>>> print(open('structure.tsv').read())   # TSV, C-alpha atoms
chain	number	residue	atom	x	y	z
H	14	MET	CA	139.99	79.53	91.69
H	15	THR	CA	136.45	80.25	90.51
H	16	PRO	CA	134.48	82.62	92.78
H	17	PRO	CA	131.62	80.77	94.52
H	18	VAL	CA	129.05	83.05	92.89
H	19	LEU	CA	129.92	81.45	89.54
H	20	ASP	CA	129.40	77.89	90.80
H	21	GLN	CA	126.69	75.96	89.02
H	22	GLN	CA	123.81	74.44	90.94
H	23	ALA	CA	124.84	71.29	92.78
H	24	PRO	CA	123.53	68.01	91.31
H	25	VAL	CA	120.93	67.16	93.96
H	26	PRO	CA	117.76	65.08	93.56
H	27	GLU	CA	115.08	67.32	92.05
H	28	ALA	CA	112.65	66.34	94.79
H	29	VAL	CA	114.66	68.20	97.46
H	30	PRO	CA	114.47	71.75	96.06
H	31	GLY	CA	111.16	70.88	94.38
H	32	ILE	CA	109.38	70.10	97.64
H	33	ALA	CA	111.13	72.93	99.49
H	34	PHE	CA	110.09	75.57	96.97
H	35	ALA	CA	106.59	74.10	96.66
H	36	VAL	CA	106.16	74.74	100.39
H	37	VAL	CA	107.44	78.27	99.86
H	38	GLY	CA	104.94	78.85	97.06
H	39	VAL	CA	101.89	77.56	98.94
H	40	CYS	CA	102.74	79.31	102.20
H	41	THR	CA	103.53	82.61	100.45
H	42	PHE	CA	100.15	82.50	98.72
H	43	ALA	CA	98.49	81.83	102.11
H	44	ILE	CA	100.36	84.75	103.72
H	45	TYR	CA	99.26	87.13	100.98
H	46	LEU	CA	95.61	86.15	101.46
H	47	LEU	CA	95.83	86.41	105.26
H	48	ALA	CA	97.67	89.72	105.05
H	49	ILE	CA	95.17	91.27	102.65
H	50	ARG	CA	92.27	90.16	104.85
H	51	ARG	CA	93.89	91.48	108.04
H	52	GLY	CA	94.81	94.75	106.34
H	53	PHE	CA	91.22	95.47	105.35
H	54	LEU	CA	89.91	94.43	108.78
H	55	ASP	CA	92.35	96.59	110.76
H	56	LYS	CA	92.71	99.39	108.19
H	57	ARG	CA	96.50	99.06	108.56
H	58	THR	CA	99.20	97.73	106.31
H	59	THR	CA	100.18	94.19	107.28
H	60	LEU	CA	103.49	94.43	105.42
H	61	PRO	CA	106.03	97.11	106.30
H	62	VAL	CA	105.93	99.77	103.58
H	63	PHE	CA	109.49	99.22	102.35
H	64	ALA	CA	108.95	95.45	102.28
H	65	ALA	CA	105.80	95.80	100.15
H	66	CYS	CA	107.71	97.90	97.61
H	67	ALA	CA	110.64	95.46	97.53
H	68	ASN	CA	108.36	92.43	97.11
H	69	VAL	CA	106.64	93.94	94.08
H	70	SER	CA	110.02	94.90	92.61
H	71	TRP	CA	111.35	91.35	93.07
H	72	GLU	CA	108.33	89.70	91.51
H	73	PHE	CA	108.19	92.15	88.60
H	74	THR	CA	111.91	91.63	87.89
H	75	TYR	CA	111.72	87.84	87.69
H	76	ALA	CA	108.36	87.73	85.94
H	77	PHE	CA	109.21	90.20	83.15
H	78	ILE	CA	112.75	91.64	83.14
H	79	TYR	CA	114.81	88.53	83.91
H	80	PRO	CA	112.17	85.80	83.50
H	81	VAL	CA	112.90	82.76	85.64
H	82	TYR	CA	112.09	79.16	84.73
H	83	PRO	CA	108.50	78.67	83.51
H	84	GLU	CA	107.09	76.95	86.63
H	85	MET	CA	108.24	79.80	88.87
H	86	ARG	CA	107.05	82.40	86.40
H	87	VAL	CA	103.52	80.99	86.56
H	88	ILE	CA	103.63	81.30	90.36
H	89	LEU	CA	104.76	84.91	90.06
H	90	TYR	CA	101.76	85.67	87.85
H	91	PHE	CA	99.57	84.61	90.79
H	92	TRP	CA	101.67	86.34	93.45
H	93	LEU	CA	102.11	89.70	91.77
H	94	PRO	CA	98.43	90.81	91.70
H	95	LEU	CA	98.09	89.94	95.39
H	96	ASN	CA	101.29	91.82	96.18
H	97	LEU	CA	99.95	94.85	94.32
H	98	VAL	CA	96.94	94.81	96.66
H	99	LEU	CA	99.34	94.69	99.62
H	100	LEU	CA	101.29	97.57	98.12
H	101	TRP	CA	98.07	99.55	97.74
H	102	GLN	CA	97.32	98.91	101.42
H	103	ALA	CA	100.82	100.07	102.31
H	104	LEU	CA	100.28	103.28	100.35
H	105	ARG	CA	96.80	103.76	101.80
H	106	TRP	CA	97.57	103.16	105.48
H	107	GLY	CA	101.36	102.97	105.75
H	108	ARG	CA	101.84	106.62	106.69
H	109	GLN	CA	100.47	105.78	110.16
H	110	ASP	CA	103.80	104.02	110.82
H	111	PHE	CA	105.68	107.26	110.11
H	112	PRO	CA	104.19	109.71	112.62
H	113	GLY	CA	104.87	113.32	111.80
H	114	MET	CA	105.64	112.68	108.13
H	115	SER	CA	103.61	114.72	105.66
H	116	ARG	CA	101.53	113.07	102.94
H	117	ALA	CA	103.85	114.49	100.27
H	118	GLY	CA	106.96	113.38	102.15
H	119	PHE	CA	105.57	109.87	102.49
H	120	ALA	CA	104.71	109.73	98.78
H	121	TRP	CA	108.21	110.85	97.76
H	122	MET	CA	109.81	108.36	100.15
H	123	VAL	CA	107.80	105.45	98.75
H	124	ALA	CA	108.45	106.52	95.15
H	125	GLY	CA	112.19	106.83	95.80
H	126	TRP	CA	112.40	103.49	97.56
H	127	SER	CA	110.39	101.77	94.82
H	128	LEU	CA	112.74	103.12	92.17
H	129	PHE	CA	115.78	102.05	94.18
H	130	SER	CA	114.46	98.57	94.94
H	131	LEU	CA	113.52	97.85	91.31
H	132	SER	CA	116.87	99.06	90.01
H	133	PHE	CA	118.64	97.08	92.76
H	134	MET	CA	116.90	93.86	91.70
H	135	VAL	CA	117.92	94.37	88.09
H	136	LEU	CA	121.52	95.38	88.82
H	137	ALA	CA	122.09	92.71	91.48
H	138	THR	CA	120.76	90.04	89.13
H	139	ARG	CA	123.20	91.20	86.47
H	140	GLU	CA	126.12	91.66	88.89
H	141	PHE	CA	125.75	88.24	90.54
H	142	ASP	CA	124.48	86.52	87.38
H	143	ASP	CA	121.64	85.53	89.69
H	144	ARG	CA	119.00	84.35	87.23
H	145	VAL	CA	117.05	82.43	89.89
H	146	GLY	CA	116.95	85.39	92.26
H	147	ALA	CA	118.78	83.63	95.11
H	148	TYR	CA	120.78	86.61	96.37
H	149	THR	CA	118.10	89.22	95.79
H	150	THR	CA	115.66	86.98	97.66
H	151	VAL	CA	117.76	86.70	100.79
H	152	PHE	CA	118.66	90.41	100.71
H	153	VAL	CA	114.98	91.35	100.56
H	154	VAL	CA	113.92	88.82	103.18
H	155	VAL	CA	116.53	89.91	105.75
H	156	LEU	CA	115.39	93.51	105.26
H	157	MET	CA	111.74	92.52	105.50
H	158	GLU	CA	112.15	90.50	108.70
H	159	ALA	CA	114.00	93.37	110.37
H	160	LEU	CA	111.25	95.75	109.26
H	161	PHE	CA	108.57	93.53	110.84
H	162	ILE	CA	110.35	93.87	114.18
H	163	GLN	CA	110.60	97.63	113.73
H	164	MET	CA	106.92	97.83	112.74
H	165	LEU	CA	105.91	96.01	115.92
H	166	ARG	CA	108.05	98.36	117.98
H	167	VAL	CA	106.64	101.50	116.35
H	168	ARG	CA	103.02	100.39	116.69
H	169	GLY	CA	103.42	99.07	120.20
H	170	SER	CA	100.47	96.77	119.54
H	171	THR	CA	99.42	93.74	117.50
H	172	VAL	CA	97.27	95.75	115.09
H	173	GLY	CA	97.66	94.49	111.52
H	174	GLN	CA	99.65	91.45	112.66
H	175	THR	CA	98.91	87.80	113.44
H	176	MET	CA	100.88	84.87	114.77
H	177	TYR	CA	99.82	82.83	111.75
H	178	ILE	CA	101.61	85.19	109.37
H	179	ALA	CA	104.64	85.24	111.69
H	180	LEU	CA	104.83	81.42	111.76
H	181	LEU	CA	104.20	81.02	108.04
H	182	LYS	CA	107.06	83.45	107.36
H	183	THR	CA	109.33	81.19	109.39
H	184	VAL	CA	108.18	78.08	107.51
H	185	ILE	CA	108.82	79.85	104.20
H	186	ASP	CA	112.33	80.92	105.17
H	187	VAL	CA	113.31	77.51	106.55
H	188	SER	CA	111.94	75.72	103.47
H	189	GLY	CA	113.61	78.19	101.14
H	190	ALA	CA	116.85	77.66	103.06
H	191	VAL	CA	116.70	73.91	102.41
H	192	GLY	CA	116.29	74.46	98.67
H	193	LEU	CA	118.95	77.16	98.32
H	194	ILE	CA	121.58	75.38	100.43
H	195	ALA	CA	120.96	72.16	98.50
H	196	TRP	CA	121.56	74.04	95.25
H	197	TYR	CA	124.47	76.17	96.47
H	198	PRO	CA	126.37	74.37	99.28
H	199	ASN	CA	129.51	76.55	98.91
H	200	ARG	CA	128.00	80.03	98.89
H	201	TRP	CA	128.67	81.18	102.43
H	202	LEU	CA	127.29	84.70	101.99
H	203	LEU	CA	124.01	83.13	100.95
H	204	HIS	CA	124.12	80.88	104.01
H	205	GLN	CA	124.86	83.82	106.32
H	206	MET	CA	121.85	85.73	105.01
H	207	ILE	CA	119.65	82.65	105.41
H	208	VAL	CA	120.68	82.28	109.06
H	209	ALA	CA	119.99	85.99	109.63
H	210	GLU	CA	116.49	85.82	108.17
H	211	VAL	CA	115.52	82.75	110.22
H	212	VAL	CA	116.86	84.31	113.44
H	213	LEU	CA	114.91	87.50	112.74
H	214	ASP	CA	111.79	85.40	112.04
H	215	VAL	CA	112.06	83.75	115.45
H	216	VAL	CA	112.74	87.04	117.23
H	217	TYR	CA	109.68	88.64	115.63
H	218	ALA	CA	107.44	85.66	116.45
H	219	VAL	CA	108.54	85.71	120.09
H	220	LEU	CA	108.08	89.47	120.43
H	221	LEU	CA	104.67	89.34	118.77
H	222	TYR	CA	103.57	86.48	121.02
H	223	ARG	CA	104.62	88.44	124.08
H	224	ARG	CA	102.76	91.50	122.79
H	225	PHE	CA	99.57	89.46	122.42
H	226	LYS	CA	99.96	88.20	125.99
H	227	ALA	CA	100.59	91.75	127.26
H	228	GLU	CA	97.34	92.83	125.58
H	229	GLY	CA	95.48	89.97	127.24
H	230	VAL	CA	94.48	88.51	123.86
H	231	SER	CA	94.87	84.93	122.67
H	232	PRO	CA	97.59	84.83	120.00
H	233	TRP	CA	95.70	82.10	118.14
H	234	ARG	CA	92.24	83.68	117.80
H	235	LYS	CA	93.32	86.45	115.44
H	236	PHE	CA	93.72	85.41	111.81
>>> encode(input="structure.tsv", output="structure tokens")
Amino acid sequence: MTPPVLDQQAPVPEAVPGIAFAVVGVCTFAIYLLAIRRGFLDKRTTLPVFAACANVSWEFTYAFIYPVYPEMRVILYFWLPLNLVLLWQALRWGRQDFPGMSRAGFAWMVAGWSLFSLSFMVLATREFDDRVGAYTTVFVVVLMEALFIQMLRVRGSTVGQTMYIALLKTVIDVSGAVGLIAWYPNRWLLHQMIVAEVVLDVVYAVLLYRRFKAEGVSPWRKF
């Protein structure tokens, strides 16, 4: 019996994953722009530090080390510069989310995590023969969604965060789920990770909404 990870993509109409991943691409671009704007306005990182490092590692891996199909590679060339700005913001203001950590300690932590995340992307791609980045995507996204919840808890406020980013993240993960499940209907680990990321999206959105209400601020007036 062939392990599911070696299954080829299912023969589905191209429009299904095409539309699903087009939504992912447009919404991700919108999130990056909103996040950069909010970061400069609030002087706080809008992405959790570890998530910013992992995002850059993912995009660098599939743009240059294991280049994906040409259409996706073009998208990565647009995403990566924006993600580098978000990473700069994380380096500039991210230490505020680690109270008590020294500047040197924070720098070493970020450097170590960046090295780990880049090597993980490369090795996981090789190990799973994952040339479209399906598994590395869901691994990173589950981590990122959990980190958003932790970031909200540590800050105890809505600073650096908006409901629009929270909702767009959910749209991205649901749309990506449609495309990946259509391609790989028998990969249950992939499905489990997809369910986890969507659940974490919803939890974060609910907690952030409640935080806005507790602060007496409209959740929809902050972009």
>>> residues_around(input="structure.tsv", residues="H:Val154", least_positions_apart="5", cutoff="10 Å", atoms="all atoms listed in the file", output="tab-separated table (two decimals) with C-alpha atoms, keeping the file's coordinate frame")
chain	number	residue	atom	x	y	z
H	64	ALA	CA	108.95	95.45	102.28
H	67	ALA	CA	110.64	95.46	97.53
H	68	ASN	CA	108.36	92.43	97.11
H	148	TYR	CA	120.78	86.61	96.37
H	149	THR	CA	118.10	89.22	95.79
H	159	ALA	CA	114.00	93.37	110.37
H	160	LEU	CA	111.25	95.75	109.26
H	182	LYS	CA	107.06	83.45	107.36
H	186	ASP	CA	112.33	80.92	105.17
H	206	MET	CA	121.85	85.73	105.01
H	207	ILE	CA	119.65	82.65	105.41
H	209	ALA	CA	119.99	85.99	109.63
H	210	GLU	CA	116.49	85.82	108.17
H	211	VAL	CA	115.52	82.75	110.22
H	213	LEU	CA	114.91	87.50	112.74
H	214	ASP	CA	111.79	85.40	112.04
>>> closest_residue(input="structure.tsv", among="H:Ala195, H:Met176, H:Val123, H:Val62", to="H:Leu99", atoms="all atoms listed in the file")
H:Val62
>>> atom_distance(input="structure.tsv", atom1="atom CA of H:Asn199", atom2="atom CA of H:Gln21")
10.3 Å
>>> closest_residue(input="structure.tsv", among="H:Pro94, H:Pro26, H:Gly189, H:Gly229", to="H:Gly146", atoms="only C-alpha atoms")
H:Gly189
>>> closest_residue(input="structure.tsv", among="H:Phe53, H:Trp201, H:Tyr75, H:Tyr222", to="H:Ala103", atoms="all atoms listed in the file")
H:Phe53
>>> closest_residue(input="structure.tsv", among="H:Gln109, H:Arg57, H:Gly38, H:Leu46", to="H:Leu89", atoms="only C-alpha atoms")
H:Gly38
